[in-house]
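Asker: Got a structure for you, model_35.txt, holding compact mmCIF, C-alpha atoms.
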# COMPACT_ATOMS: atom_id res chain seq x y z
CA MET L 284 -25.56 -23.78 -1.90
CA ILE L 285 -23.12 -25.05 0.73
CA PRO L 286 -20.59 -22.31 1.47
CA GLN L 287 -17.00 -23.17 0.61
CA ILE L 288 -13.65 -21.52 1.07
CA ASP L 289 -12.44 -20.38 -2.36
CA ASP L 290 -9.38 -22.04 -3.86
CA LYS L 291 -7.23 -18.88 -3.86
CA THR L 292 -7.88 -18.23 -0.15
CA LEU L 293 -7.18 -21.86 0.67
CA GLY L 294 -3.99 -21.63 -1.41
CA LEU L 295 -2.93 -18.49 0.47
CA LEU L 296 -3.48 -20.18 3.83
CA SER L 297 -1.58 -23.27 2.65
CA LEU L 298 1.32 -21.13 1.45
CA LEU L 299 1.60 -18.94 4.54
CA LEU L 300 0.55 -21.48 7.17
CA PRO L 301 1.64 -24.87 5.78
CA ASP L 302 1.03 -26.71 9.09
CA PHE L 303 -2.51 -25.33 9.38
CA ASN L 304 -5.14 -27.76 8.11
CA PRO L 305 -8.50 -26.05 8.41
CA ALA L 306 -11.54 -28.22 8.85
CA VAL L 307 -13.88 -26.15 6.73
CA LEU L 308 -17.36 -27.35 7.59
CA PRO L 309 -20.62 -25.51 7.00
CA ALA L 310 -22.16 -24.12 10.17
CA GLY L 311 -25.77 -23.03 10.34
CA ALA L 312 -28.45 -23.62 7.75
CA GLU L 313 -28.08 -23.34 4.02
CA GLY L 314 -29.39 -20.22 2.39
CA GLU L 315 -29.19 -16.58 3.34
CA GLY L 316 -26.86 -16.02 6.27
CA ALA L 317 -25.30 -19.48 6.04
CA HIS L 318 -21.60 -19.43 6.73
CA THR L 319 -18.54 -21.56 7.10
CA GLY L 320 -16.86 -21.00 10.36
CA PRO L 321 -15.64 -19.60 12.34
CA LEU L 322 -12.30 -20.69 11.03
CA ASP L 323 -9.84 -19.92 13.83
CA LEU L 324 -6.30 -19.19 12.73
CA PRO L 325 -3.57 -20.20 15.17
CA PRO L 326 -2.33 -17.46 17.51
CA ALA L 327 1.28 -16.33 17.26
CA HIS L 328 3.46 -17.26 20.22
CA GLY L 329 2.74 -14.85 23.09
CA ALA L 330 -0.06 -13.09 21.19
CA ASP L 331 -2.91 -11.31 22.96
CA PHE L 332 -5.36 -12.27 20.19
CA PHE L 333 -5.87 -14.49 17.16
CA PHE L 334 -7.78 -13.99 13.94
CA ARG L 335 -11.01 -15.73 13.00
CA LEU L 336 -12.38 -16.00 9.45
CA TRP L 337 -16.07 -16.02 8.59
CA LEU L 338 -16.99 -17.21 5.08
CA TYR L 339 -20.60 -16.59 4.06
CA ALA L 340 -22.54 -18.40 1.35
CA ASP L 341 -23.45 -15.11 -0.36
CA GLY L 342 -19.73 -14.43 -0.96
CA GLU L 343 -19.24 -11.95 1.85
CA ARG L 344 -16.38 -12.43 4.32
CA HIS L 345 -15.38 -11.17 7.75
CA ILE L 346 -12.12 -11.22 9.65
CA SER L 347 -12.46 -10.82 13.39
CA ALA L 348 -10.05 -10.98 16.29
CA LYS L 349 -10.62 -12.83 19.54
CA LEU L 350 -8.62 -12.43 22.71
CA VAL L 351 -6.63 -15.55 23.60
CA GLU L 352 -7.46 -15.17 27.31
CA ASP L 353 -11.19 -14.60 26.79
CA SER L 354 -13.34 -17.71 26.78
CA ARG L 355 -16.58 -15.83 26.08
CA ASP L 356 -17.59 -15.79 22.42
CA ALA L 357 -19.93 -12.87 23.08
CA THR L 358 -17.12 -10.37 23.80
CA TYR L 359 -17.23 -7.49 21.32
CA PHE L 360 -13.83 -6.86 19.77
CA TRP L 361 -12.25 -5.82 16.47
CA HIS L 362 -13.69 -7.09 13.18
CA ARG L 363 -13.42 -6.25 9.49
CA PRO L 364 -16.50 -6.92 7.34
CA PHE L 365 -16.11 -7.48 3.60
CA GLU L 366 -19.55 -6.74 2.19
CA LEU L 367 -20.47 -6.82 -1.49
CA ALA L 368 -21.85 -3.26 -1.35
CA GLU L 369 -18.36 -1.96 -0.50
CA PHE L 370 -17.07 -3.55 -3.72
CA ARG L 371 -20.04 -2.49 -5.90
CA GLY L 372 -21.31 -6.06 -6.09
CA SER L 373 -18.00 -7.47 -7.37
CA GLU L 374 -17.41 -10.78 -5.64
CA GLU L 375 -13.94 -11.03 -7.23
CA GLY L 376 -13.05 -7.56 -5.93
CA LEU L 377 -14.24 -8.54 -2.47
CA LEU L 378 -12.28 -11.83 -2.48
CA SER L 379 -9.15 -10.10 -3.76
CA ALA L 380 -9.29 -7.47 -0.99
CA PHE L 381 -10.04 -10.18 1.59
CA ARG L 382 -6.96 -12.19 0.56
CA GLU L 383 -4.76 -9.08 0.44
CA GLU L 384 -5.74 -7.97 3.94
CA LEU L 385 -5.55 -11.52 5.29
CA ALA L 386 -1.99 -11.82 3.96
CA ALA L 387 -1.06 -8.50 5.61
CA LEU L 388 -2.33 -9.81 8.95
CA LEU L 389 -0.40 -13.06 8.62
CA ILE L 390 2.99 -11.74 7.50
CA HIS L 391 3.26 -8.63 9.68
CA GLU L 392 3.31 -7.85 13.36
CA THR L 393 -0.17 -6.57 14.26
CA ARG L 394 -1.79 -4.63 17.04
CA ILE L 395 -5.33 -3.73 17.99
CA ILE L 396 -5.92 -0.50 19.85
CA GLN L 397 -9.05 -0.29 21.98
CA ARG L 398 -10.10 3.18 23.10
CA LYS L 399 -12.88 4.19 25.45
CA GLY L 400 -14.63 7.39 24.41
CA TRP L 401 -17.51 9.21 26.06
CA LEU L 402 -20.16 7.55 23.90
CA PHE L 403 -18.28 4.96 21.87
CA TRP L 404 -15.74 2.14 22.04
CA HIS L 405 -13.18 2.49 19.26
CA PHE L 406 -11.12 -0.36 17.75
CA ARG L 407 -8.27 -0.01 15.26
CA CYS L 408 -6.20 -2.83 13.76
CA GLN L 409 -2.76 -1.92 12.45
CA TYR L 410 0.13 -3.85 10.97
CA LEU L 411 3.83 -2.97 10.93
CA ALA L 412 5.23 -2.65 7.40
CA SER L 413 8.55 -1.02 6.50
CA GLY L 414 8.93 0.23 10.07
CA LYS L 415 5.59 2.10 10.09
CA TRP L 416 2.19 1.20 11.53
CA LYS L 417 -0.51 1.11 8.85
CA CYS L 418 -4.20 1.05 9.66
CA LEU L 419 -5.99 -1.96 8.21
CA TYR L 420 -9.48 -1.16 9.50
CA ARG L 421 -11.14 0.69 12.35
CA HIS L 422 -14.64 0.88 13.70
CA SER L 423 -16.64 2.13 16.67
CA ALA L 424 -19.54 0.84 18.73
CA VAL L 425 -21.93 2.60 21.08
CA ARG L 426 -20.99 2.10 24.72
CA GLY L 427 -23.63 0.25 26.68
CA GLY L 428 -24.90 -1.77 23.75
CA PHE L 429 -21.94 -4.15 23.54
CA LYS L 430 -19.65 -6.02 25.93
CA PRO L 431 -16.06 -5.26 24.93
CA PRO L 432 -13.07 -6.24 27.07
CA GLN L 433 -12.91 -4.07 30.17
CA ILE L 434 -9.83 -1.85 30.22
CA ARG L 435 -8.15 0.36 32.78
CA GLY L 436 -7.85 3.89 31.59
CA ARG L 437 -8.97 5.08 28.19
CA ARG L 438 -6.69 3.04 25.91
CA ARG L 439 -5.26 -0.46 25.64
CA VAL L 440 -2.99 -1.96 22.99
CA TYR L 441 -3.12 -5.68 22.22
CA SER L 442 -0.32 -7.19 20.15
CA SER L 443 0.56 -10.20 18.03
CA ALA L 444 3.74 -11.22 16.27
CA ALA L 445 3.57 -12.23 12.62
CA LEU L 446 2.25 -15.76 12.05
CA THR L 447 4.69 -16.46 9.25
CA VAL L 448 7.89 -15.14 7.77
CA LYS L 449 6.81 -16.00 4.24
CA ASP L 450 5.62 -13.30 1.88
CA ALA L 451 2.56 -14.01 -0.27
CA THR L 452 3.77 -11.62 -2.99
CA ASN L 453 6.80 -13.77 -3.85
Write the structure described by the file as structure tokens, please.
Answerer:
Amino acid sequence: MIPQIDDKTLGLLSLLLPDFNPAVLPAGAEGEGAHTGPLDLPPAHGADFFFRLWLYADGERHISAKLVEDSRDATYFWHRPFELAEFRGSEEGLLSAFREELAALLIHETRIIQRKGWLFWHFRCQYLASGKWKCLYRHSAVRGGFKPPQIRGRRRVYSSAALTVKDATN
């Protein structure tokens, strides 16, 4: 099975980013682990990062962020996995949550907070809705095992304006 972007996700991207024409081509081999992508969304003007979509043949999805100024693909940064186990095997539930969170990232100002702990790196992605920051997803990684962006001090905030002024709920 060649992995494809589903029609509803493609429709959402077309609605919110009408000038964005993704070239969705399969990367990697067919079968388990095959994926389409990465599909890089355009960065907002002046943004520190942009979002990248990963579309896997088994139905799972990921949204990751990549720093605009970082040319290394190996840099560990924020990501949000959408795995079937989280949705009790419901591919429709997974796709619905994926589209909902993708829309939130596109229509709101976002920020990613990187924190350096004693043993872990911590990453939290938030979006600004109704004047309040809401956490979309957060995760941690053991220090020493990954290569995140180097920061001065214990905390750094990366920001991005909204990519669109359209609202997917209308």
Asker: Please report, as a tab-separated table, each residue of segment 319-423 of chain L lying at most 8 Å from segment 428-446 of chain L, together with the nearest pair of atoms and the separation in Å rounded to one decimal; use all atoms listed in the file, and order rows by chain and ascending residue number.
Answerer:
residue	atom	partner	partner_atom	distance
L:Pro325	CA	L:Leu446	CA	8.0
L:Pro326	CA	L:Leu446	CA	7.3
L:Ala327	CA	L:Leu446	CA	5.3
L:His328	CA	L:Ala444	CA	7.2
L:Gly329	CA	L:Ser443	CA	7.2
L:Ala330	CA	L:Ser443	CA	4.3
L:Asp331	CA	L:Ser442	CA	5.6
L:Phe332	CA	L:Ser443	CA	6.6
L:Phe333	CA	L:Ser443	CA	7.8
L:Ala357	CA	L:Lys430	CA	7.4
L:Thr358	CA	L:Pro431	CA	5.3
L:Tyr359	CA	L:Pro431	CA	4.4
L:Phe360	CA	L:Pro431	CA	5.8
L:Leu388	CA	L:Ala445	CA	7.4
L:Leu389	CA	L:Leu446	CA	5.1
L:Ile390	CA	L:Ala445	CA	5.2
L:His391	CA	L:Ala445	CA	4.7
L:Glu392	CA	L:Ala445	CA	4.4
L:Thr393	CA	L:Ser443	CA	5.3
L:Arg394	CA	L:Ser442	CA	4.3
L:Ile395	CA	L:Tyr441	CA	5.2
L:Ile396	CA	L:Val440	CA	4.5
L:Gln397	CA	L:Arg439	CA	5.3
L:Arg398	CA	L:Arg438	CA	4.4
L:Lys399	CA	L:Arg437	CA	4.9
L:Gly400	CA	L:Arg437	CA	7.2
L:Trp404	CA	L:Pro431	CA	8.0
Asker: Considering all atoms listed in the file, state which residue in the set L:Val448, L:Ala412, L:Leu385, L:Leu296 is at the smallest distance from His345 of chain L.
Answerer: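 Checking each candidate against His345 of chain L, we get L:Leu385 as the closest.
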Asker: Separation of atom CA of Gly342 of chain L and atom CA of Ser297 of chain L, in Å?
Answerer: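 Interatomic distance here is 20.5 Å.
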Asker: Report as a PyMOL selection string all protein, DNA and RNA residues lying within 12 Å of segment 368-380 of chain L, evaluated on only C-alpha atoms, omitting residues in the same chain fewer than 4 positions from it.
Answerer: chain L and resi 288-293+295+338-346+363-364+384-387+419
Asker: Between atom CA of Ser347 of chain L and atom CA of Trp361 of chain L, what is the distance, to one decimal in Å?
Answerer: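 Result for atom CA of Ser347 of chain L versus atom CA of Trp361 of chain L: 5.9 Å, one decimal.
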Asker: So the first atom is atom CA of Asp323 of chain L and the second is atom CA of Trp416 of chain L; what is the distance between them in Å, to one decimal place?
Answerer: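 Taking atom CA of Asp323 of chain L and atom CA of Trp416 of chain L, their separation equals 24.4 Å.
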Asker: Within 8 Å of Cys418 of chain L, counting all atoms listed in the file, which residues qualify if same-chain residues fewer than 5 places away don't, as a list in words?
Answerer: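 These residues fall inside the cut-off: Arg407, Cys408, Gln409 and Tyr410 of chain L.
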Asker: Pick the closest to Ala348 of chain L from L:Leu299, L:Phe406, L:Lys449, L:Val425: which is it, counting all atoms listed in the file?
Answerer: L:Phe406
